[in-house]
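Q: Structure file structure-v2.csv (CSV, C-alpha atoms (C1' of nucleotides)) right here:
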```csv
chain,number,residue,atom,x,y,z
A,1,MET,CA,27.6,-2.9,71.9
A,2,THR,CA,30.8,-3.1,70.1
A,3,LYS,CA,32.9,-0.1,69.2
A,4,LYS,CA,31.7,0.0,65.6
A,5,GLN,CA,28.1,-0.6,66.6
A,6,GLN,CA,28.4,2.5,68.9
A,7,ASN,CA,29.8,4.4,66.0
A,8,ILE,CA,26.8,3.6,63.8
A,9,PHE,CA,24.5,4.5,66.6
A,10,ASN,CA,26.0,7.8,67.4
A,11,THR,CA,26.5,9.1,63.8
A,12,ALA,CA,23.0,7.9,62.9
A,13,LEU,CA,21.6,10.0,65.8
A,14,GLU,CA,23.7,13.0,64.7
A,15,LEU,CA,22.6,12.7,61.1
A,16,PHE,CA,19.0,11.8,61.8
A,17,ALA,CA,18.7,14.9,64.0
A,18,THR,CA,20.3,17.4,61.7
A,19,ASP,CA,19.1,16.2,58.2
A,20,GLY,CA,16.1,14.2,59.1
A,21,VAL,CA,15.6,10.4,59.0
A,22,ASP,CA,14.4,10.3,55.4
A,23,ALA,CA,17.2,12.5,54.1
A,24,THR,CA,19.8,10.3,55.8
A,25,SER,CA,20.9,7.4,53.7
A,26,THR,CA,22.4,4.2,55.2
A,27,SER,CA,25.4,4.7,52.9
A,28,LYS,CA,26.1,8.1,54.4
A,29,ILE,CA,25.8,6.8,57.9
A,30,ALA,CA,28.3,4.0,57.1
A,31,LYS,CA,30.7,6.5,55.5
A,32,VAL,CA,30.7,8.9,58.3
A,33,ALA,CA,30.8,6.2,60.9
A,34,GLY,CA,33.8,4.6,59.1
A,35,VAL,CA,32.0,1.3,58.7
A,36,SER,CA,30.8,-0.9,55.9
A,37,GLU,CA,27.2,-0.4,55.0
A,38,GLY,CA,26.3,-4.0,55.4
A,39,LEU,CA,27.3,-3.8,59.1
A,40,ILE,CA,24.4,-1.5,59.8
A,41,PHE,CA,21.9,-4.1,58.7
A,42,ARG,CA,23.7,-6.9,60.6
A,43,HIS,CA,23.4,-5.0,63.8
A,44,PHE,CA,20.1,-3.2,63.4
A,45,THR,CA,18.2,-5.3,60.9
A,46,ASN,CA,17.2,-2.2,58.9
A,47,LYS,CA,17.1,1.6,58.9
A,48,GLU,CA,13.9,1.6,60.9
A,49,GLY,CA,15.5,-0.7,63.5
A,50,LEU,CA,18.3,1.7,63.9
A,51,LEU,CA,15.9,4.5,64.5
A,52,GLN,CA,14.0,2.5,67.0
A,53,ALA,CA,17.1,1.5,68.9
A,54,ILE,CA,18.0,5.2,69.2
A,55,LEU,CA,14.6,6.2,70.3
A,56,THR,CA,14.1,3.6,73.0
A,57,GLU,CA,17.5,4.2,74.5
A,58,GLY,CA,16.8,8.0,74.7
A,59,LEU,CA,13.3,7.7,75.9
A,60,ASN,CA,14.3,5.5,78.8
A,61,LYS,CA,16.6,8.3,80.0
A,62,ALA,CA,14.0,10.9,79.4
A,63,HIS,CA,11.4,8.9,81.4
A,64,GLU,CA,13.6,9.2,84.4
A,65,TYR,CA,13.6,13.0,84.2
A,66,PHE,CA,9.9,13.1,84.1
A,67,GLN,CA,9.6,10.8,87.0
A,68,LEU,CA,11.9,13.0,89.1
A,69,ILE,CA,9.3,15.8,88.7
A,70,GLN,CA,6.3,13.7,89.4
A,71,VAL,CA,7.6,12.5,92.8
A,72,GLU,CA,7.9,16.1,94.0
A,73,ILE,CA,5.3,16.6,96.6
A,74,ASP,CA,5.1,20.4,96.9
A,75,PRO,CA,2.9,21.6,94.0
A,76,LYS,CA,4.8,24.9,93.5
A,77,THR,CA,8.2,23.1,93.3
A,78,ARG,CA,6.7,20.5,90.9
A,79,ILE,CA,5.5,23.2,88.5
A,80,ARG,CA,8.8,25.0,88.8
A,81,LYS,CA,10.8,21.9,88.1
A,82,ALA,CA,8.7,21.2,85.1
A,83,LEU,CA,9.2,24.7,83.7
A,84,GLU,CA,12.9,24.4,84.3
A,85,LEU,CA,13.0,21.2,82.1
A,86,PRO,CA,14.0,22.9,78.8
A,87,PHE,CA,16.7,24.9,80.5
A,88,ASN,CA,18.4,21.8,81.8
A,89,ILE,CA,18.8,19.9,78.5
A,90,LEU,CA,22.4,18.7,78.4
A,91,PRO,CA,24.4,19.4,75.2
A,92,GLU,CA,24.9,15.7,74.8
A,93,GLU,CA,21.2,15.3,74.6
A,94,TYR,CA,20.5,17.9,72.0
A,95,ASN,CA,20.6,15.5,69.1
A,96,PHE,CA,18.2,13.2,70.7
A,97,TRP,CA,15.7,15.9,71.5
A,98,ARG,CA,16.0,17.5,68.1
A,99,LEU,CA,15.2,14.1,66.6
A,100,VAL,CA,12.2,13.6,68.9
A,101,TYR,CA,10.8,17.0,68.0
A,102,THR,CA,11.2,16.4,64.3
A,103,LEU,CA,9.5,13.1,64.5
A,104,LYS,CA,6.5,14.6,66.3
A,105,TRP,CA,5.4,16.2,63.0
A,106,GLN,CA,5.4,13.0,61.0
A,107,ARG,CA,4.9,9.9,63.0
A,108,GLY,CA,2.9,11.4,65.8
A,109,SER,CA,4.4,12.1,69.2
A,110,VAL,CA,6.7,9.3,70.4
A,111,GLN,CA,5.1,7.6,73.5
A,112,THR,CA,2.0,9.1,74.9
A,113,GLU,CA,1.6,6.9,78.0
A,114,GLU,CA,4.2,8.4,80.3
A,115,MET,CA,3.5,11.8,79.0
A,116,SER,CA,-0.1,11.7,80.1
A,117,ASP,CA,1.1,10.7,83.6
A,118,PHE,CA,3.3,13.8,83.6
A,119,ARG,CA,0.4,16.0,82.5
A,120,ALA,CA,-1.8,14.5,85.2
A,121,SER,CA,0.7,15.3,87.9
A,122,LEU,CA,0.9,18.9,86.7
A,123,ALA,CA,-2.9,19.2,86.7
A,124,ASP,CA,-2.9,17.9,90.2
A,125,ALA,CA,-0.4,20.5,91.2
A,126,PHE,CA,-2.5,23.3,89.8
A,127,ASP,CA,-5.5,21.8,91.5
A,128,GLN,CA,-3.8,22.0,94.8
A,129,LEU,CA,-3.0,25.6,94.2
A,130,ASN,CA,-6.7,26.3,93.4
A,131,TYR,CA,-6.2,27.3,89.9
A,132,GLU,CA,-9.5,27.8,88.0
A,133,ASN,CA,-8.8,25.3,85.2
A,134,PRO,CA,-6.0,22.8,86.3
A,135,SER,CA,-6.1,20.7,83.2
A,136,ALA,CA,-5.8,23.6,80.9
A,137,GLU,CA,-3.0,25.0,83.0
A,138,ALA,CA,-1.2,21.7,82.7
A,139,ARG,CA,-1.5,21.7,78.9
A,140,LEU,CA,-0.3,25.3,78.8
A,141,VAL,CA,2.8,24.4,80.8
A,142,GLU,CA,3.5,21.5,78.4
A,143,SER,CA,3.1,23.9,75.5
A,144,ILE,CA,5.5,26.4,77.1
A,145,ILE,CA,8.0,23.7,77.7
A,146,ASP,CA,7.8,22.6,74.1
A,147,GLY,CA,8.1,26.2,72.9
A,148,ILE,CA,11.1,27.0,75.0
A,149,ALA,CA,12.7,23.6,74.2
A,150,THR,CA,12.3,24.4,70.5
A,151,GLU,CA,14.0,27.8,71.1
A,152,VAL,CA,16.9,26.2,73.0
A,153,LEU,CA,17.4,23.3,70.5
A,154,LEU,CA,17.2,25.4,67.4
A,155,LYS,CA,18.8,28.6,68.3
A,156,ASP,CA,21.4,26.9,70.5
A,157,VAL,CA,21.5,29.8,72.9
A,158,HIS,CA,21.0,28.9,76.5
A,159,PRO,CA,18.3,31.4,77.3
A,160,LYS,CA,18.5,31.9,81.0
A,161,PRO,CA,16.7,35.2,81.0
A,162,LEU,CA,13.6,33.4,79.8
A,163,LEU,CA,13.5,31.3,82.9
A,164,LYS,CA,13.1,34.3,85.1
A,165,CYS,CA,10.2,35.6,82.9
A,166,VAL,CA,8.3,32.3,83.0
A,167,LEU,CA,8.7,31.6,86.7
A,168,ASP,CA,7.5,35.2,87.2
A,169,LYS,CA,4.3,34.4,85.4
A,170,TYR,CA,3.5,31.6,87.8
A,171,LYS,CA,4.7,33.6,90.8
A,172,LEU,CA,7.3,31.0,91.5
A,173,LYS,CA,10.7,32.3,91.8
B,174,MET,CA,-2.5,28.8,37.5
B,175,THR,CA,-4.4,26.2,35.6
B,176,LYS,CA,-6.7,23.7,37.2
B,177,LYS,CA,-4.1,20.9,37.2
B,178,GLN,CA,-1.4,23.1,38.4
B,179,GLN,CA,-3.6,23.9,41.3
B,180,ASN,CA,-4.2,20.2,41.9
B,181,ILE,CA,-0.4,19.6,42.1
B,182,PHE,CA,0.0,22.6,44.4
B,183,ASN,CA,-2.7,21.5,46.8
B,184,THR,CA,-1.9,17.8,47.0
B,185,ALA,CA,1.8,18.6,47.4
B,186,LEU,CA,1.0,20.8,50.3
B,187,GLU,CA,-1.1,18.2,51.9
B,188,LEU,CA,1.4,15.4,51.4
B,189,PHE,CA,4.4,17.5,52.3
B,190,ALA,CA,2.7,18.5,55.5
B,191,THR,CA,1.6,15.1,56.6
B,192,ASP,CA,4.4,12.8,55.4
B,193,GLY,CA,7.3,15.3,55.1
B,194,VAL,CA,8.9,16.6,52.0
B,195,ASP,CA,11.5,13.9,51.7
B,196,ALA,CA,9.0,11.1,52.2
B,197,THR,CA,6.8,12.5,49.5
B,198,SER,CA,7.7,11.3,46.0
B,199,THR,CA,6.8,13.2,42.9
B,200,SER,CA,5.2,10.1,41.5
B,201,LYS,CA,2.8,10.0,44.6
B,202,ILE,CA,2.0,13.6,44.2
B,203,ALA,CA,1.2,13.0,40.5
B,204,LYS,CA,-1.0,10.0,41.3
B,205,VAL,CA,-3.0,11.7,44.1
B,206,ALA,CA,-3.3,14.9,42.1
B,207,GLY,CA,-4.6,12.9,39.1
B,208,VAL,CA,-1.9,14.2,36.9
B,209,SER,CA,1.1,12.9,34.9
B,210,GLU,CA,4.4,13.1,36.8
B,211,GLY,CA,6.1,15.0,34.0
B,212,LEU,CA,3.6,17.9,34.5
B,213,ILE,CA,5.0,18.7,37.9
B,214,PHE,CA,8.4,19.4,36.4
B,215,ARG,CA,6.9,21.4,33.5
B,216,HIS,CA,5.2,23.7,35.9
B,217,PHE,CA,7.6,23.8,38.9
B,218,THR,CA,10.9,22.9,37.4
B,219,ASN,CA,11.7,20.4,40.1
B,220,LYS,CA,10.5,19.2,43.5
B,221,GLU,CA,12.4,22.0,45.3
B,222,GLY,CA,10.7,24.5,43.1
B,223,LEU,CA,7.3,23.1,44.0
B,224,LEU,CA,8.2,23.4,47.7
B,225,GLN,CA,9.4,27.0,47.2
B,226,ALA,CA,6.2,27.9,45.4
B,227,ILE,CA,4.1,26.6,48.3
B,228,LEU,CA,6.2,28.4,50.9
B,229,THR,CA,6.4,31.8,49.3
B,230,GLU,CA,2.6,31.8,48.7
B,231,GLY,CA,1.9,30.9,52.3
B,232,LEU,CA,4.5,33.2,53.8
B,233,ASN,CA,3.0,36.2,52.0
B,234,LYS,CA,-0.3,35.6,53.6
B,235,ALA,CA,1.3,35.0,57.0
B,236,HIS,CA,3.3,38.2,56.7
B,237,GLU,CA,0.0,40.1,56.6
B,238,TYR,CA,-1.1,38.6,59.9
B,239,PHE,CA,2.1,39.7,61.6
B,240,GLN,CA,1.8,43.2,60.1
B,241,LEU,CA,-1.7,43.5,61.5
B,242,ILE,CA,-0.3,43.0,65.0
B,243,GLN,CA,2.7,45.3,64.6
B,244,VAL,CA,0.5,48.3,63.6
B,245,GLU,CA,-1.4,48.0,66.9
B,246,ILE,CA,-0.5,51.0,69.0
B,247,ASP,CA,-1.7,50.0,72.5
B,248,PRO,CA,1.0,47.7,73.9
B,249,LYS,CA,-1.4,45.5,75.9
B,250,THR,CA,-3.5,44.9,72.8
B,251,ARG,CA,-0.5,44.2,70.7
B,252,ILE,CA,0.7,41.5,73.1
B,253,ARG,CA,-2.8,40.1,73.4
B,254,LYS,CA,-3.2,39.9,69.7
B,255,ALA,CA,0.2,38.1,69.4
B,256,LEU,CA,-0.8,35.6,72.0
B,257,GLU,CA,-4.1,35.0,70.2
B,258,LEU,CA,-2.3,34.1,67.0
B,259,PRO,CA,-2.2,30.3,67.4
B,260,PHE,CA,-5.9,30.2,68.4
B,261,ASN,CA,-6.9,31.9,65.1
B,262,ILE,CA,-5.2,29.6,62.7
B,263,LEU,CA,-7.8,28.7,60.0
B,264,PRO,CA,-8.3,25.0,59.2
B,265,GLU,CA,-7.4,25.8,55.6
B,266,GLU,CA,-4.1,26.9,56.8
B,267,TYR,CA,-3.2,23.9,59.0
B,268,ASN,CA,-1.3,22.1,56.3
B,269,PHE,CA,0.8,25.1,55.5
B,270,TRP,CA,1.8,25.7,59.1
B,271,ARG,CA,2.4,22.1,59.7
B,272,LEU,CA,4.8,22.2,56.8
B,273,VAL,CA,6.5,25.3,58.1
B,274,TYR,CA,7.0,23.9,61.6
B,275,THR,CA,8.4,20.7,60.1
B,276,LEU,CA,10.9,22.5,58.0
B,277,LYS,CA,12.1,24.5,61.0
B,278,TRP,CA,14.0,21.4,62.2
B,279,GLN,CA,15.8,20.7,59.0
B,280,ARG,CA,16.3,23.7,56.9
B,281,GLY,CA,16.4,26.4,59.6
B,282,SER,CA,13.4,28.6,60.2
B,283,VAL,CA,11.9,29.9,57.0
B,284,GLN,CA,12.5,33.7,56.7
B,285,THR,CA,14.0,35.5,59.6
B,286,GLU,CA,13.7,39.1,58.5
B,287,GLU,CA,10.0,39.8,59.1
B,288,MET,CA,10.1,37.6,62.2
B,289,SER,CA,12.7,39.8,63.8
B,290,ASP,CA,10.5,42.9,63.1
B,291,PHE,CA,7.7,41.1,64.9
B,292,ARG,CA,9.9,40.3,67.8
B,293,ALA,CA,11.1,43.8,68.0
B,294,SER,CA,7.6,45.2,68.1
B,295,LEU,CA,6.8,42.8,71.0
B,296,ALA,CA,9.8,43.9,72.9
B,297,ASP,CA,8.8,47.5,72.4
B,298,ALA,CA,5.4,46.7,73.8
B,299,PHE,CA,6.9,45.2,76.9
B,300,ASP,CA,9.2,48.1,77.2
B,301,GLN,CA,6.3,50.5,77.2
B,302,LEU,CA,4.7,48.4,80.0
B,303,ASN,CA,7.9,48.7,82.0
B,304,TYR,CA,8.7,45.0,82.1
B,305,GLU,CA,12.1,44.3,83.5
B,306,ASN,CA,13.5,42.4,80.5
B,307,PRO,CA,11.5,43.3,77.4
B,308,SER,CA,13.6,41.4,74.9
B,309,ALA,CA,13.4,38.2,77.0
B,310,GLU,CA,9.7,38.7,77.4
B,311,ALA,CA,9.3,39.0,73.6
B,312,ARG,CA,11.2,35.8,73.1
B,313,LEU,CA,9.1,34.1,75.7
B,314,VAL,CA,5.9,35.2,73.9
B,315,GLU,CA,7.3,33.8,70.7
B,316,SER,CA,8.1,30.5,72.4
B,317,ILE,CA,4.6,30.3,73.9
B,318,ILE,CA,3.1,31.0,70.5
B,319,ASP,CA,5.2,28.3,69.0
B,320,GLY,CA,4.3,25.8,71.7
B,321,ILE,CA,0.6,26.5,71.5
B,322,ALA,CA,0.6,26.4,67.7
B,323,THR,CA,2.2,23.0,67.9
B,324,GLU,CA,-0.5,21.8,70.3
B,325,VAL,CA,-3.2,23.1,68.0
B,326,LEU,CA,-1.7,21.8,64.8
B,327,LEU,CA,-0.8,18.4,66.1
B,328,LYS,CA,-3.7,17.5,68.4
B,329,ASP,CA,-6.2,19.2,66.2
B,330,VAL,CA,-8.3,20.3,69.2
B,331,HIS,CA,-9.0,24.0,69.3
B,332,PRO,CA,-7.9,24.7,72.9
B,333,LYS,CA,-9.9,27.8,73.8
B,334,PRO,CA,-9.4,27.2,77.6
B,335,LEU,CA,-5.7,27.7,77.1
B,336,LEU,CA,-6.2,31.2,75.8
B,337,LYS,CA,-7.8,32.3,79.1
B,338,CYS,CA,-4.8,30.8,81.0
B,339,VAL,CA,-2.2,32.6,78.9
B,340,LEU,CA,-3.9,36.0,78.9
B,341,ASP,CA,-4.2,35.6,82.6
B,342,LYS,CA,-0.5,35.3,83.0
B,343,TYR,CA,0.0,38.6,81.3
B,344,LYS,CA,-2.8,40.3,83.2
B,345,LEU,CA,-4.6,40.8,80.0
B,346,LYS,CA,-8.1,39.6,80.3
C,347,DG,C1',32.1,-9.1,63.8
C,348,DT,C1',33.2,-7.0,59.7
C,349,DC,C1',33.9,-6.2,54.7
C,350,DT,C1',33.0,-6.6,49.5
C,351,DA,C1',30.0,-7.2,45.9
C,352,DT,C1',25.9,-7.0,44.1
C,353,DA,C1',20.7,-7.2,43.4
C,354,DC,C1',16.9,-4.6,43.1
C,355,DC,C1',13.8,-1.0,43.1
C,356,DA,C1',12.2,3.7,43.5
C,357,DG,C1',13.0,8.4,43.1
C,358,DG,C1',13.9,12.6,40.4
C,359,DA,C1',14.2,14.3,36.1
C,360,DT,C1',14.1,14.7,30.6
C,361,DA,C1',12.5,14.1,25.7
C,362,DG,C1',9.3,14.0,22.5
C,363,DA,C1',4.6,13.2,20.9
C,364,DC,C1',-0.1,15.0,21.0
D,365,DG,C1',-0.8,22.2,28.6
D,366,DT,C1',-0.6,17.6,29.2
D,367,DC,C1',0.8,12.7,28.7
D,368,DT,C1',3.9,8.5,27.9
D,369,DA,C1',8.1,6.5,27.8
D,370,DT,C1',12.5,6.3,29.4
D,371,DC,C1',17.1,7.3,31.6
D,372,DC,C1',20.0,7.4,35.5
D,373,DT,C1',21.2,7.7,40.0
D,374,DG,C1',21.2,6.4,44.5
D,375,DG,C1',18.9,4.1,48.2
D,376,DT,C1',17.7,-0.2,50.9
D,377,DA,C1',18.9,-4.6,51.6
D,378,DT,C1',21.1,-9.4,51.0
D,379,DA,C1',24.8,-13.0,50.2
D,380,DG,C1',28.9,-14.7,51.0
D,381,DA,C1',33.8,-14.4,52.0
D,382,DC,C1',37.2,-13.4,55.6
```
If you convert what's in this file into structure tokens, what do you get?
A:
Amino acid sequence: MTKKQQNIFNTALELFATDGVDATSTSKIAKVAGVSEGLIFRHFTNKEGLLQAILTEGLNKAHEYFQLIQVEIDPKTRIRKALELPFNILPEEYNFWRLVYTLKWQRGSVQTEEMSDFRASLADAFDQLNYENPSAEARLVESIIDGIATEVLLKDVHPKPLLKCVLDKYKLK
Amino acid sequence: MTKKQQNIFNTALELFATDGVDATSTSKIAKVAGVSEGLIFRHFTNKEGLLQAILTEGLNKAHEYFQLIQVEIDPKTRIRKALELPFNILPEEYNFWRLVYTLKWQRGSVQTEEMSDFRASLADAFDQLNYENPSAEARLVESIIDGIATEVLLKDVHPKPLLKCVLDKYKLK
DNA sequence: GTCTATACCAGGATAGAC
DNA sequence: GTCTATCCTGGTATAGAC
């Protein structure tokens, strides 16, 4: 990736995340990135291509995080690490996740394959701990993660006190 | 509201919710609603006015739900009713809530005034029950509600098993 | 790799007739 | 209250020069 290509990539991510993909024009991306509009299309074919480039790059990284949790053998630790996920989002990753959460509502959730692995490994953990309904528990954890992530990404306050409350509910600590 | 005005209102809500506001053109709304495009502007001034009309109508109804919870005196019942919220969304209301959740990510959450009342009444409930950090608990409940609502609205499965799991965490039954 | 110029179309919005 | 016709802007995308 050349310098200017990176510029396009980064400003597009920023603008897509804050204003939404549809509300972000290629001309604005070019202007903010300090680049000619034509260059966007040279490098990324079209606006959709630019979006896809951003998504695949970010999802690869994200995939690693999820993997790190699934390899955890102790069920309690696995659940705890999952619940800690939204509290460990790095500031550099905010834009990406805001984009992902926005897109959920229009294009359907991005990538379902690795997410179902993640859910399965959570259900397995709850099963080991003899919870009554492991798969429901797994779905609940996912929902809680989503809910807290939303709070973190939108309110921009790092809500450490919340973590204590959640872990408490699961008698982890 | 005349018949056609209602048509515009309803199809706009539907399209806004599924495709997003920006991706929904006034011409498409007109076409689907079986109405001339000009009529939209006669009735709602502009696209933004149409959106606002939809939002204020829906938020008034929503406000009532929240009020119903806040008047509940027993703290346990109040918390339980709050947590039940996402499970009681009516199918007719799906589009509205999908729209609201979408807009969160671009325009900032719609109306913060009545929501902070709601949060305060939750914190108060936790306070009465001698929880360690009532305000954090209140925020957590809100996050859980948001997370589950997302699950309900996007996956379109009514996840009753989840309810049992959540109530369990709060020792409500 | 990058820029300028430009084609082309679609979107929001208005005017005026019925 | 409703429709048709139309204007104008701005958005996506391409061509060709440097």
Q: Please superimpose chain B on chain A using every C-alpha atom, paired by order, in a least-squares fit, and write the moved chain as a short mmCIF file (atom, residue, chain, number, x, y, z; two decimals) with C-alpha atoms, in the coordinates of the input.
A:
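Saved to result.cif:
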```cif
data_model
loop_
_atom_site.label_atom_id
_atom_site.label_comp_id
_atom_site.auth_asym_id
_atom_site.auth_seq_id
_atom_site.Cartn_x
_atom_site.Cartn_y
_atom_site.Cartn_z
CA MET B 174 27.58 -2.93 71.94
CA THR B 175 30.83 -3.11 70.10
CA LYS B 176 32.89 -0.10 69.19
CA LYS B 177 31.59 0.03 65.60
CA GLN B 178 28.09 -0.52 66.60
CA GLN B 179 28.44 2.46 68.80
CA ASN B 180 29.88 4.46 65.91
CA ILE B 181 26.77 3.63 63.78
CA PHE B 182 24.49 4.50 66.69
CA ASN B 183 26.09 7.86 67.34
CA THR B 184 26.51 9.06 63.76
CA ALA B 185 22.96 7.96 62.95
CA LEU B 186 21.69 10.01 65.79
CA GLU B 187 23.61 12.99 64.70
CA LEU B 188 22.61 12.72 61.06
CA PHE B 189 19.01 11.83 61.79
CA ALA B 190 18.76 14.86 64.01
CA THR B 191 20.30 17.35 61.69
CA ASP B 192 19.19 16.19 58.23
CA GLY B 193 16.07 14.14 59.13
CA VAL B 194 15.63 10.45 59.00
CA ASP B 195 14.43 10.28 55.44
CA ALA B 196 17.22 12.48 54.14
CA THR B 197 19.79 10.32 55.81
CA SER B 198 20.91 7.35 53.71
CA THR B 199 22.40 4.25 55.19
CA SER B 200 25.34 4.59 52.87
CA LYS B 201 26.07 8.12 54.40
CA ILE B 202 25.76 6.79 57.85
CA ALA B 203 28.22 3.98 56.97
CA LYS B 204 30.70 6.42 55.42
CA VAL B 205 30.64 8.94 58.31
CA ALA B 206 30.73 6.17 60.88
CA GLY B 207 33.75 4.62 59.11
CA VAL B 208 32.00 1.37 58.68
CA SER B 209 30.74 -0.90 55.86
CA GLU B 210 27.07 -0.34 54.98
CA GLY B 211 26.23 -4.01 55.40
CA LEU B 212 27.20 -3.77 59.13
CA ILE B 213 24.30 -1.49 59.87
CA PHE B 214 21.85 -4.14 58.74
CA ARG B 215 23.72 -6.91 60.61
CA HIS B 216 23.39 -5.04 63.82
CA PHE B 217 20.05 -3.19 63.44
CA THR B 218 18.19 -5.26 60.95
CA ASN B 219 17.16 -2.26 58.91
CA LYS B 220 17.09 1.53 59.00
CA GLU B 221 13.82 1.55 61.00
CA GLY B 222 15.40 -0.71 63.52
CA LEU B 223 18.33 1.65 63.92
CA LEU B 224 15.89 4.53 64.49
CA GLN B 225 13.94 2.47 67.06
CA ALA B 226 17.13 1.59 68.89
CA ILE B 227 18.07 5.27 69.20
CA LEU B 228 14.61 6.27 70.37
CA THR B 229 14.04 3.63 72.99
CA GLU B 230 17.50 4.31 74.51
CA GLY B 231 16.84 8.02 74.69
CA LEU B 232 13.26 7.72 75.89
CA ASN B 233 14.34 5.58 78.84
CA LYS B 234 16.63 8.25 80.03
CA ALA B 235 14.02 10.95 79.46
CA HIS B 236 11.43 8.95 81.37
CA GLU B 237 13.65 9.26 84.44
CA TYR B 238 13.65 13.04 84.22
CA PHE B 239 9.86 13.14 84.13
CA GLN B 240 9.64 10.71 87.07
CA LEU B 241 11.90 12.96 89.10
CA ILE B 242 9.37 15.77 88.72
CA GLN B 243 6.28 13.67 89.38
CA VAL B 244 7.60 12.46 92.79
CA GLU B 245 7.89 16.08 93.96
CA ILE B 246 5.27 16.62 96.62
CA ASP B 247 5.10 20.43 96.92
CA PRO B 248 2.95 21.60 93.99
CA LYS B 249 4.82 24.89 93.46
CA THR B 250 8.12 23.03 93.24
CA ARG B 251 6.71 20.46 90.94
CA ILE B 252 5.53 23.12 88.49
CA ARG B 253 8.81 24.99 88.82
CA LYS B 254 10.80 21.91 88.12
CA ALA B 255 8.63 21.19 85.01
CA LEU B 256 9.16 24.66 83.72
CA GLU B 257 12.91 24.33 84.27
CA LEU B 258 13.05 21.24 82.10
CA PRO B 259 14.01 22.87 78.78
CA PHE B 260 16.74 24.96 80.47
CA ASN B 261 18.46 21.78 81.78
CA ILE B 262 18.79 19.91 78.56
CA LEU B 263 22.43 18.67 78.38
CA PRO B 264 24.38 19.39 75.18
CA GLU B 265 24.91 15.65 74.82
CA GLU B 266 21.25 15.28 74.59
CA TYR B 267 20.51 17.97 71.97
CA ASN B 268 20.64 15.60 69.06
CA PHE B 269 18.25 13.19 70.65
CA TRP B 270 15.67 15.85 71.43
CA ARG B 271 16.05 17.42 68.11
CA LEU B 272 15.24 14.06 66.62
CA VAL B 273 12.25 13.60 68.87
CA TYR B 274 10.78 17.02 68.08
CA THR B 275 11.26 16.35 64.37
CA LEU B 276 9.48 13.08 64.48
CA LYS B 277 6.54 14.66 66.30
CA TRP B 278 5.41 16.18 62.97
CA GLN B 279 5.48 13.02 60.97
CA ARG B 280 5.00 9.97 63.01
CA GLY B 281 2.90 11.40 65.86
CA SER B 282 4.47 12.13 69.21
CA VAL B 283 6.69 9.33 70.40
CA GLN B 284 5.10 7.57 73.43
CA THR B 285 2.01 9.03 74.93
CA GLU B 286 1.59 6.91 78.03
CA GLU B 287 4.23 8.38 80.35
CA MET B 288 3.52 11.85 78.95
CA SER B 289 -0.07 11.67 80.07
CA ASP B 290 1.10 10.69 83.62
CA PHE B 291 3.27 13.79 83.58
CA ARG B 292 0.42 15.93 82.47
CA ALA B 293 -1.80 14.52 85.09
CA SER B 294 0.67 15.24 87.85
CA LEU B 295 0.87 18.88 86.62
CA ALA B 296 -2.84 19.22 86.66
CA ASP B 297 -2.93 17.86 90.17
CA ALA B 298 -0.40 20.46 91.19
CA PHE B 299 -2.52 23.23 89.81
CA ASP B 300 -5.52 21.77 91.44
CA GLN B 301 -3.84 21.87 94.80
CA LEU B 302 -3.02 25.57 94.17
CA ASN B 303 -6.67 26.21 93.43
CA TYR B 304 -6.21 27.32 89.84
CA GLU B 305 -9.46 27.72 88.02
CA ASN B 306 -8.74 25.27 85.18
CA PRO B 307 -6.01 22.86 86.25
CA SER B 308 -6.10 20.64 83.19
CA ALA B 309 -5.81 23.66 80.85
CA GLU B 310 -3.02 25.02 82.96
CA ALA B 311 -1.15 21.69 82.68
CA ARG B 312 -1.51 21.74 78.94
CA LEU B 313 -0.31 25.29 78.84
CA VAL B 314 2.81 24.34 80.85
CA GLU B 315 3.45 21.55 78.40
CA SER B 316 3.10 23.93 75.47
CA ILE B 317 5.48 26.44 77.08
CA ILE B 318 7.98 23.68 77.70
CA ASP B 319 7.71 22.61 74.13
CA GLY B 320 8.11 26.14 72.82
CA ILE B 321 11.10 26.91 74.99
CA ALA B 322 12.76 23.58 74.19
CA THR B 323 12.42 24.42 70.54
CA GLU B 324 14.05 27.81 71.09
CA VAL B 325 16.90 26.19 72.97
CA LEU B 326 17.42 23.34 70.57
CA LEU B 327 17.19 25.37 67.43
CA LYS B 328 18.94 28.63 68.31
CA ASP B 329 21.46 26.90 70.47
CA VAL B 330 21.59 29.84 72.92
CA HIS B 331 20.95 28.88 76.50
CA PRO B 332 18.26 31.47 77.33
CA LYS B 333 18.57 31.83 81.09
CA PRO B 334 16.71 35.24 81.07
CA LEU B 335 13.64 33.45 79.82
CA LEU B 336 13.50 31.25 82.88
CA LYS B 337 13.08 34.30 85.16
CA CYS B 338 10.21 35.54 82.91
CA VAL B 339 8.34 32.23 82.98
CA LEU B 340 8.69 31.61 86.71
CA ASP B 341 7.48 35.11 87.19
CA LYS B 342 4.28 34.38 85.41
CA TYR B 343 3.53 31.59 87.78
CA LYS B 344 4.54 33.57 90.85
CA LEU B 345 7.27 31.15 91.46
CA LYS B 346 10.48 32.94 91.96
#
```
Q: Please identify every residue of chain B that has at least one atom no more than 10 Å from any atom of chain D, counting all atoms listed in the file, and report them as a ChimeraX atom specification.
A: /B:175,177-178,208-212,215-216
Q: I need the contact residues of chain A against chain B, so if you could list those with any atom within 10 Å, counting all atoms listed in the file, and return them as a ChimeraX atom specification, that would help.
A: /A:16-24,98-99,101-109,131-155,159-166,168-171
Q: Kindly provide, as a list of chain:residue names, the residues of chain B having any atom no farther than 10 Å from an atom of chain C, counting all atoms listed in the file.
A: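 Every residue meeting the condition is included here: B:Thr197, B:Ser198, B:Thr199, B:Ser200, B:Glu210, B:Gly211, B:Phe214, B:Thr218, B:Asn219, B:Lys220.
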